[in-house]
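Shown next: query.txt, containing compact mmCIF, C-alpha atoms and all ligand atoms.
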# COMPACT_ATOMS: atom_id res chain seq x y z
CA MET A 56 -8.68 -25.98 -2.21
CA LYS A 57 -6.23 -24.04 -0.04
CA LYS A 58 -7.70 -21.22 2.00
CA ILE A 59 -5.87 -17.90 2.42
CA ILE A 60 -7.10 -15.01 4.54
CA PHE A 61 -6.05 -11.50 3.56
CA ALA A 62 -6.08 -9.34 6.68
CA THR A 63 -7.82 -6.24 5.34
CA GLY A 64 -11.25 -4.73 5.68
CA ASN A 65 -10.72 -2.58 2.59
CA GLN A 66 -12.92 -3.88 -0.26
CA GLY A 67 -11.01 -1.86 -2.88
CA LYS A 68 -7.79 -3.59 -1.89
CA MET A 69 -9.53 -7.03 -1.87
CA LYS A 70 -10.58 -6.54 -5.49
CA GLU A 71 -7.00 -5.73 -6.48
CA ILE A 72 -5.63 -8.63 -4.40
CA ARG A 73 -8.07 -11.23 -5.83
CA GLU A 74 -7.19 -10.14 -9.35
CA ILE A 75 -3.45 -10.52 -8.74
CA LEU A 76 -3.72 -13.83 -6.84
CA ALA A 77 -6.31 -15.30 -9.23
CA ASP A 78 -3.96 -17.94 -10.67
CA LEU A 79 -3.11 -19.39 -7.25
CA ASP A 80 -5.22 -22.46 -6.58
CA ALA A 81 -6.65 -20.92 -3.42
CA GLU A 82 -9.74 -19.32 -2.03
CA VAL A 83 -8.82 -15.80 -0.89
CA LEU A 84 -11.01 -14.51 1.94
CA SER A 85 -11.19 -11.05 3.50
CA LEU A 86 -11.48 -10.75 7.29
CA LYS A 87 -15.19 -10.14 6.81
CA ASP A 88 -15.58 -13.23 4.57
CA ALA A 89 -13.83 -15.28 7.25
CA GLY A 90 -16.11 -13.83 9.95
CA ILE A 91 -13.23 -12.31 11.89
CA GLN A 92 -13.40 -9.13 13.85
CA ALA A 93 -10.04 -7.95 15.04
CA ASP A 94 -8.73 -4.66 16.26
CA ILE A 95 -4.99 -5.01 15.90
CA VAL A 96 -2.65 -2.28 17.12
CA GLU A 97 -0.15 -1.50 14.35
CA ASP A 98 2.70 -0.34 16.54
CA GLY A 99 5.61 -1.51 14.40
CA THR A 100 8.36 0.86 13.30
CA SER A 101 8.46 -0.24 9.64
CA PHE A 102 6.04 -1.30 6.92
CA GLU A 103 7.39 -4.85 7.27
CA GLU A 104 6.84 -5.00 11.02
CA ASN A 105 3.27 -3.73 10.75
CA ALA A 106 2.42 -6.27 8.05
CA GLN A 107 3.98 -9.06 10.16
CA ILE A 108 2.05 -8.04 13.30
CA LYS A 109 -1.27 -8.23 11.44
CA ALA A 110 -0.53 -11.48 9.62
CA ARG A 111 0.83 -13.26 12.70
CA GLU A 112 -2.07 -12.21 14.93
CA ILE A 113 -4.82 -13.36 12.54
CA CYS A 114 -2.92 -16.58 11.81
CA LYS A 115 -2.83 -17.36 15.53
CA MET A 116 -6.55 -16.66 15.77
CA THR A 117 -7.56 -18.82 12.79
CA GLY A 118 -4.87 -21.42 12.15
CA GLU A 119 -5.03 -20.55 8.43
CA ILE A 120 -2.40 -19.05 6.10
CA VAL A 121 -2.76 -15.29 6.48
CA LEU A 122 -1.48 -12.45 4.30
CA ALA A 123 -1.37 -8.83 5.45
CA ASP A 124 -0.02 -5.64 3.91
CA ASP A 125 1.10 -2.25 5.07
CA SER A 126 1.77 0.59 2.68
CA GLY A 127 2.41 4.28 2.43
CA LEU A 128 4.13 7.18 0.73
CA GLU A 129 7.74 8.24 1.41
CA ILE A 130 8.74 11.77 0.34
CA ASP A 131 12.53 12.14 0.36
CA TYR A 132 12.57 15.93 0.93
CA LEU A 133 10.39 15.43 4.05
CA ASN A 134 12.68 12.76 5.53
CA LYS A 135 10.39 10.01 4.19
CA GLU A 136 7.23 11.44 5.72
CA PRO A 137 4.36 10.49 5.90
CA GLY A 138 5.78 6.93 5.71
CA ILE A 139 4.13 4.39 7.99
CA TYR A 140 1.81 7.17 9.17
CA SER A 141 0.37 7.76 5.67
CA ALA A 142 -3.18 6.77 6.57
CA ARG A 143 -3.04 8.72 9.85
CA TYR A 144 -1.26 11.82 8.44
CA MET A 145 -3.16 14.96 9.62
CA GLY A 146 -5.76 12.63 11.13
CA GLU A 147 -7.45 9.50 9.76
CA ASP A 148 -10.66 11.41 8.93
CA THR A 149 -9.00 14.33 7.13
CA SER A 150 -9.79 14.30 3.40
CA TYR A 151 -7.03 13.53 0.93
CA ARG A 152 -7.77 16.81 -0.83
CA ILE A 153 -6.50 18.52 2.35
CA LYS A 154 -3.61 16.09 2.97
CA ASN A 155 -2.44 16.41 -0.65
CA ALA A 156 -2.69 20.21 -0.60
CA ASN A 157 -0.66 20.26 2.63
CA LEU A 158 2.13 18.11 1.17
CA ILE A 159 2.30 20.27 -1.97
CA GLU A 160 2.53 23.34 0.24
CA ARG A 161 5.36 21.82 2.25
CA LEU A 162 7.26 21.34 -1.02
CA GLU A 163 6.73 24.89 -2.23
CA GLY A 164 9.76 26.12 -4.15
CA VAL A 165 11.39 22.68 -4.12
CA PRO A 166 12.71 21.85 -7.63
CA ASP A 167 11.74 18.71 -9.60
CA GLU A 168 14.89 16.74 -8.84
CA GLN A 169 14.32 17.09 -5.08
CA ARG A 170 10.64 16.05 -5.21
CA THR A 171 11.40 12.33 -5.43
CA ALA A 172 9.06 9.97 -3.60
CA ARG A 173 7.93 6.38 -3.58
CA PHE A 174 4.97 4.25 -2.64
CA VAL A 175 6.02 1.28 -0.52
CA CYS A 176 4.06 -1.89 0.20
CA ALA A 177 5.18 -4.69 2.50
CA VAL A 178 3.27 -7.97 2.41
CA ALA A 179 3.73 -10.61 5.10
CA ALA A 180 2.57 -14.23 4.91
CA ALA A 181 2.12 -16.03 8.23
CA PHE A 182 1.91 -19.83 8.18
CA PRO A 183 0.32 -22.04 10.84
CA ASP A 184 3.73 -23.58 11.66
CA GLY A 185 4.86 -20.16 12.95
CA THR A 186 7.00 -19.08 9.99
CA VAL A 187 6.51 -15.63 8.48
CA LYS A 188 7.74 -14.45 5.08
CA THR A 189 7.86 -10.79 4.13
CA VAL A 190 8.38 -9.02 0.80
CA ARG A 191 8.46 -5.36 -0.30
CA GLY A 192 7.39 -3.65 -3.50
CA THR A 193 8.00 0.00 -4.43
CA MET A 194 6.92 2.44 -7.13
CA GLU A 195 9.17 5.48 -7.69
CA GLY A 196 7.88 8.89 -8.71
CA ARG A 197 7.81 12.58 -7.83
CA ILE A 198 5.41 14.83 -5.96
CA GLY A 199 3.54 17.00 -8.47
CA TYR A 200 2.50 20.66 -8.19
CA GLU A 201 -1.27 20.06 -8.22
CA GLU A 202 -3.74 17.16 -8.00
CA ARG A 203 -4.34 15.36 -11.30
CA GLY A 204 -6.57 12.40 -12.15
CA GLU A 205 -9.67 10.75 -10.75
CA ASN A 206 -8.65 7.09 -10.48
CA GLY A 207 -6.93 5.37 -7.58
CA PHE A 208 -7.20 6.75 -4.06
CA GLY A 209 -5.27 8.53 -1.32
CA TYR A 210 -2.11 10.24 -2.53
CA ASP A 211 -2.41 9.04 -6.15
CA PRO A 212 -3.43 12.46 -7.58
CA ILE A 213 -0.13 14.10 -6.49
CA PHE A 214 2.11 11.12 -7.36
CA TYR A 215 3.65 11.96 -10.72
CA LEU A 216 5.26 9.19 -12.77
CA PRO A 217 7.83 10.91 -15.04
CA GLU A 218 8.18 7.96 -17.43
CA TYR A 219 4.40 7.86 -18.01
CA GLY A 220 3.88 11.65 -18.05
CA CYS A 221 0.92 11.38 -15.68
CA THR A 222 -0.01 10.72 -12.06
CA SER A 223 -0.94 7.29 -10.72
CA ALA A 224 -4.50 8.66 -10.46
CA GLN A 225 -4.51 8.95 -14.26
CA LEU A 226 -3.77 5.24 -14.81
CA SER A 227 -6.46 2.57 -15.09
CA MET A 228 -6.51 -0.03 -12.30
CA GLU A 229 -4.97 -2.62 -14.66
CA GLU A 230 -2.16 -0.26 -15.65
CA LYS A 231 -1.49 0.68 -12.03
CA ASN A 232 -1.48 -2.97 -10.85
CA LYS A 233 1.26 -3.77 -13.35
CA ILE A 234 3.68 -1.20 -11.92
CA SER A 235 2.44 -0.49 -8.40
CA HIS A 236 4.14 -1.21 -5.09
CA ARG A 237 1.21 -3.42 -4.07
CA GLY A 238 1.15 -5.28 -7.39
CA LYS A 239 4.88 -6.00 -7.17
CA ALA A 240 4.71 -7.13 -3.52
CA LEU A 241 1.70 -9.38 -4.14
CA ARG A 242 3.33 -11.04 -7.13
CA ALA A 243 6.47 -11.60 -5.04
CA ILE A 244 4.57 -13.16 -2.13
CA LYS A 245 2.70 -15.38 -4.59
CA ASP A 246 5.99 -17.11 -5.36
CA GLU A 247 6.37 -17.85 -1.62
CA LEU A 248 2.90 -19.43 -1.51
CA ARG A 249 3.28 -21.83 -4.41
P1 LIG V 1 -2.58 0.96 4.97
O1 LIG V 1 -3.98 0.55 4.65
O2 LIG V 1 -2.24 1.00 6.40
O3 LIG V 1 -1.59 0.19 4.15
O4 LIG V 1 -2.54 2.50 4.56
C1 LIG V 1 -1.81 2.94 3.54
C2 LIG V 1 -2.02 4.43 3.27
O5 LIG V 1 -0.96 4.83 2.41
C3 LIG V 1 -3.30 4.71 2.53
O6 LIG V 1 -4.33 5.10 3.38
C4 LIG V 1 -2.89 5.84 1.60
O7 LIG V 1 -2.91 7.06 2.28
C5 LIG V 1 -1.44 5.53 1.31
N1 LIG V 1 -1.33 4.67 0.10
C6 LIG V 1 -0.88 3.38 0.06
N2 LIG V 1 -0.92 2.91 -1.20
C7 LIG V 1 -1.41 3.91 -1.96
C8 LIG V 1 -1.70 4.01 -3.36
O8 LIG V 1 -1.54 3.07 -4.16
N3 LIG V 1 -2.18 5.20 -3.77
C9 LIG V 1 -2.39 6.24 -2.94
N4 LIG V 1 -2.16 6.20 -1.63
C10 LIG V 1 -1.66 5.04 -1.14

Rewrite the structure from the file as structure tokens, please.
Amino acid sequence: MKKIIFATGNQGKMKEIREILADLDAEVLSLKDAGIQADIVEDGTSFEENAQIKAREICKMTGEIVLADDSGLEIDYLNKEPGIYSARYMGEDTSYRIKNANLIERLEGVPDEQRTARFVCAVAAAFPDGTVKTVRGTMEGRIGYEERGENGFGYDPIFYLPEYGCTSAQLSMEEKNKISHRGKALRAIKDELR
């Protein structure tokens, strides 16, 4: 069976990733499963570059096929902030309650039609022969006026999906996977792996 390493230490993401890649005839390992400890500097200037840096580095270290992702939230009114700095916005250890409240405050008085935003996920696949393939998935929505919902993580409680009438934190994991940036990118990269 083919072996694929997914360069993440996040167990929540691994669960989502295994579910989406289940029909590939491959064993999907996390960095921990593969016994790899790596501290990679994500100094790219786009989601794609950051995903490529991680995938390429771990592929060089292991000689296996490696997938890596990089994701974040782009708010149009804030010139696409927090973007590639989504995890580090206001500090890595700051709670999302505080980050979300801050973003809502920065949009005070901004009308619905100018609150557009999207989640972006780039996934890169690095192959032992040196080739790298990269795909992008997005989920469009709007920044809400208050936090809503208990599911998901990060910015989900303020990410309102007009066509569903709820935030992405009010969707089940299965519902979110079907429409999410990460779900779309993972299904696209799957086609590159077949
Ligand atoms: P990454 O692990 O470097 O890709 O960090 C992505 C960051 O973007 C996360 O820490 C979250 O702040 C945010 N993010 C990405 N995807 C989602 C999502 O599906 N829901 C909520 N926040 C997300």

Subject >> Exercise: A:Phe182 partners within 10 Å, only C-alpha atoms, chain neighbours under 3 positions left out, as a ChimeraX atom specification >> reply: /A:59,110-111,114-115,118-122,179,185-188,248

Report the closest atom pair, with its distance in Å rounded to one decimal, for each residue of chain A that has an atom no farther than 7 Å from ligand LIG 1 (chain V); count all atoms listed in the file, sort by chain and then rising residue number, and write it as CSV.
residue,atom,partner,partner_atom,distance
A:Asp124,CA,V:LIG1,O3,6.0
A:Asp125,CA,V:LIG1,O3,3.7
A:Ser126,CA,V:LIG1,O3,3.7
A:Gly127,CA,V:LIG1,O5,3.4
A:Leu128,CA,V:LIG1,C5,5.8
A:Ser141,CA,V:LIG1,O5,4.6
A:Ala142,CA,V:LIG1,O6,3.8
A:Phe174,CA,V:LIG1,N2,6.2
A:Gly207,CA,V:LIG1,N3,6.1
A:Phe208,CA,V:LIG1,C9,5.0
A:Gly209,CA,V:LIG1,N4,3.9
A:Tyr210,CA,V:LIG1,C9,4.0
A:Asp211,CA,V:LIG1,C9,4.3
A:Ser235,CA,V:LIG1,O8,6.8

Original post:
Of the candidates A:Arg242, A:Arg143, A:Arg197, A:Lys154, which one gets nearest to A:Pro166 if we count only C-alpha atoms?
Top reply: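 The answer is A:Arg197, which sits nearest to A:Pro166.
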
**OP:** For atom CA of A:Gln225 and atom CA of A:Gly204, quote the distance in Å rounded to one decimal.
**Re:**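 Going from atom CA of A:Gln225 over to atom CA of A:Gly204, I get 4.5 Å.
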
**OP:** Identify, on the basis of all atoms listed in the file, every residue whose closest approach to A:Ile130 does not exceed 10 Å; exclude the query and any residue fewer than 6 positions from it along the same chain; express the result as a ChimeraX atom specification.
**Re:** /A:136-138,158,162,169-174,196-198

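Taking only C-alpha atoms into account, A:Cys176 lies nearest to A:Phe102 out of the set A:Phe102, A:Tyr132, A:Tyr151, A:Phe61.
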
Original post:
How many Å lie between atom CA of A:Tyr215 and atom CA of A:Thr193, rounded to one decimal?
Top reply: 14.2 Å

**OP:** Have a look at atom CA of A:Met194 and atom CA of A:Asn155 and let me know their distance in Å, one decimal.
**Re:**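 Atom CA of A:Met194 sits 18.0 Å away from atom CA of A:Asn155.
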
**OP:** Find the spatial neighbours of A:Ala123, counting all atoms listed in the file, within a cut-off of 8 Å - ignore same-chain residues fewer than 5 positions away - and output them as number ranges by chain.
**Re:** A: 61-63, 106-107, 109-110, 178-180

Original post:
Quick one: residues within 12 Å of A:Lys70, only C-alpha atoms counted, chain neighbours fewer than 6 positions away excluded, as a ChimeraX atom specification?
Top reply: /A:61,63-64,76-77,83-85,228-229,232,238

Subject >> Residue nearest A:Arg191 among A:Ala243, A:Leu79, A:Cys221, A:Ile139 (counting all atoms listed in the file) >> reply: A:Ala243

Subject >> Which of A:Arg237, A:Arg161, A:Lys231, A:Arg203 sits closest to A:Met69 [using all atoms listed in the file] >> reply: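 Closest residue, counting all atoms listed in the file: A:Arg237.
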
Original post:
Is there a way to get, as an MDAnalysis selection string, all residues within 10 Å of the point (-2.1, -3.2, 14.6) in file coordinates, counting only C-alpha atoms?
Top reply: chainID A and resid 93:99 104:110 112

Original post:
Nearest to A:Pro183 among A:Ala89, A:Asn65, A:Thr117, A:Ser101, with distances taken over all atoms listed in the file: which residue is it?
Top reply: A:Thr117
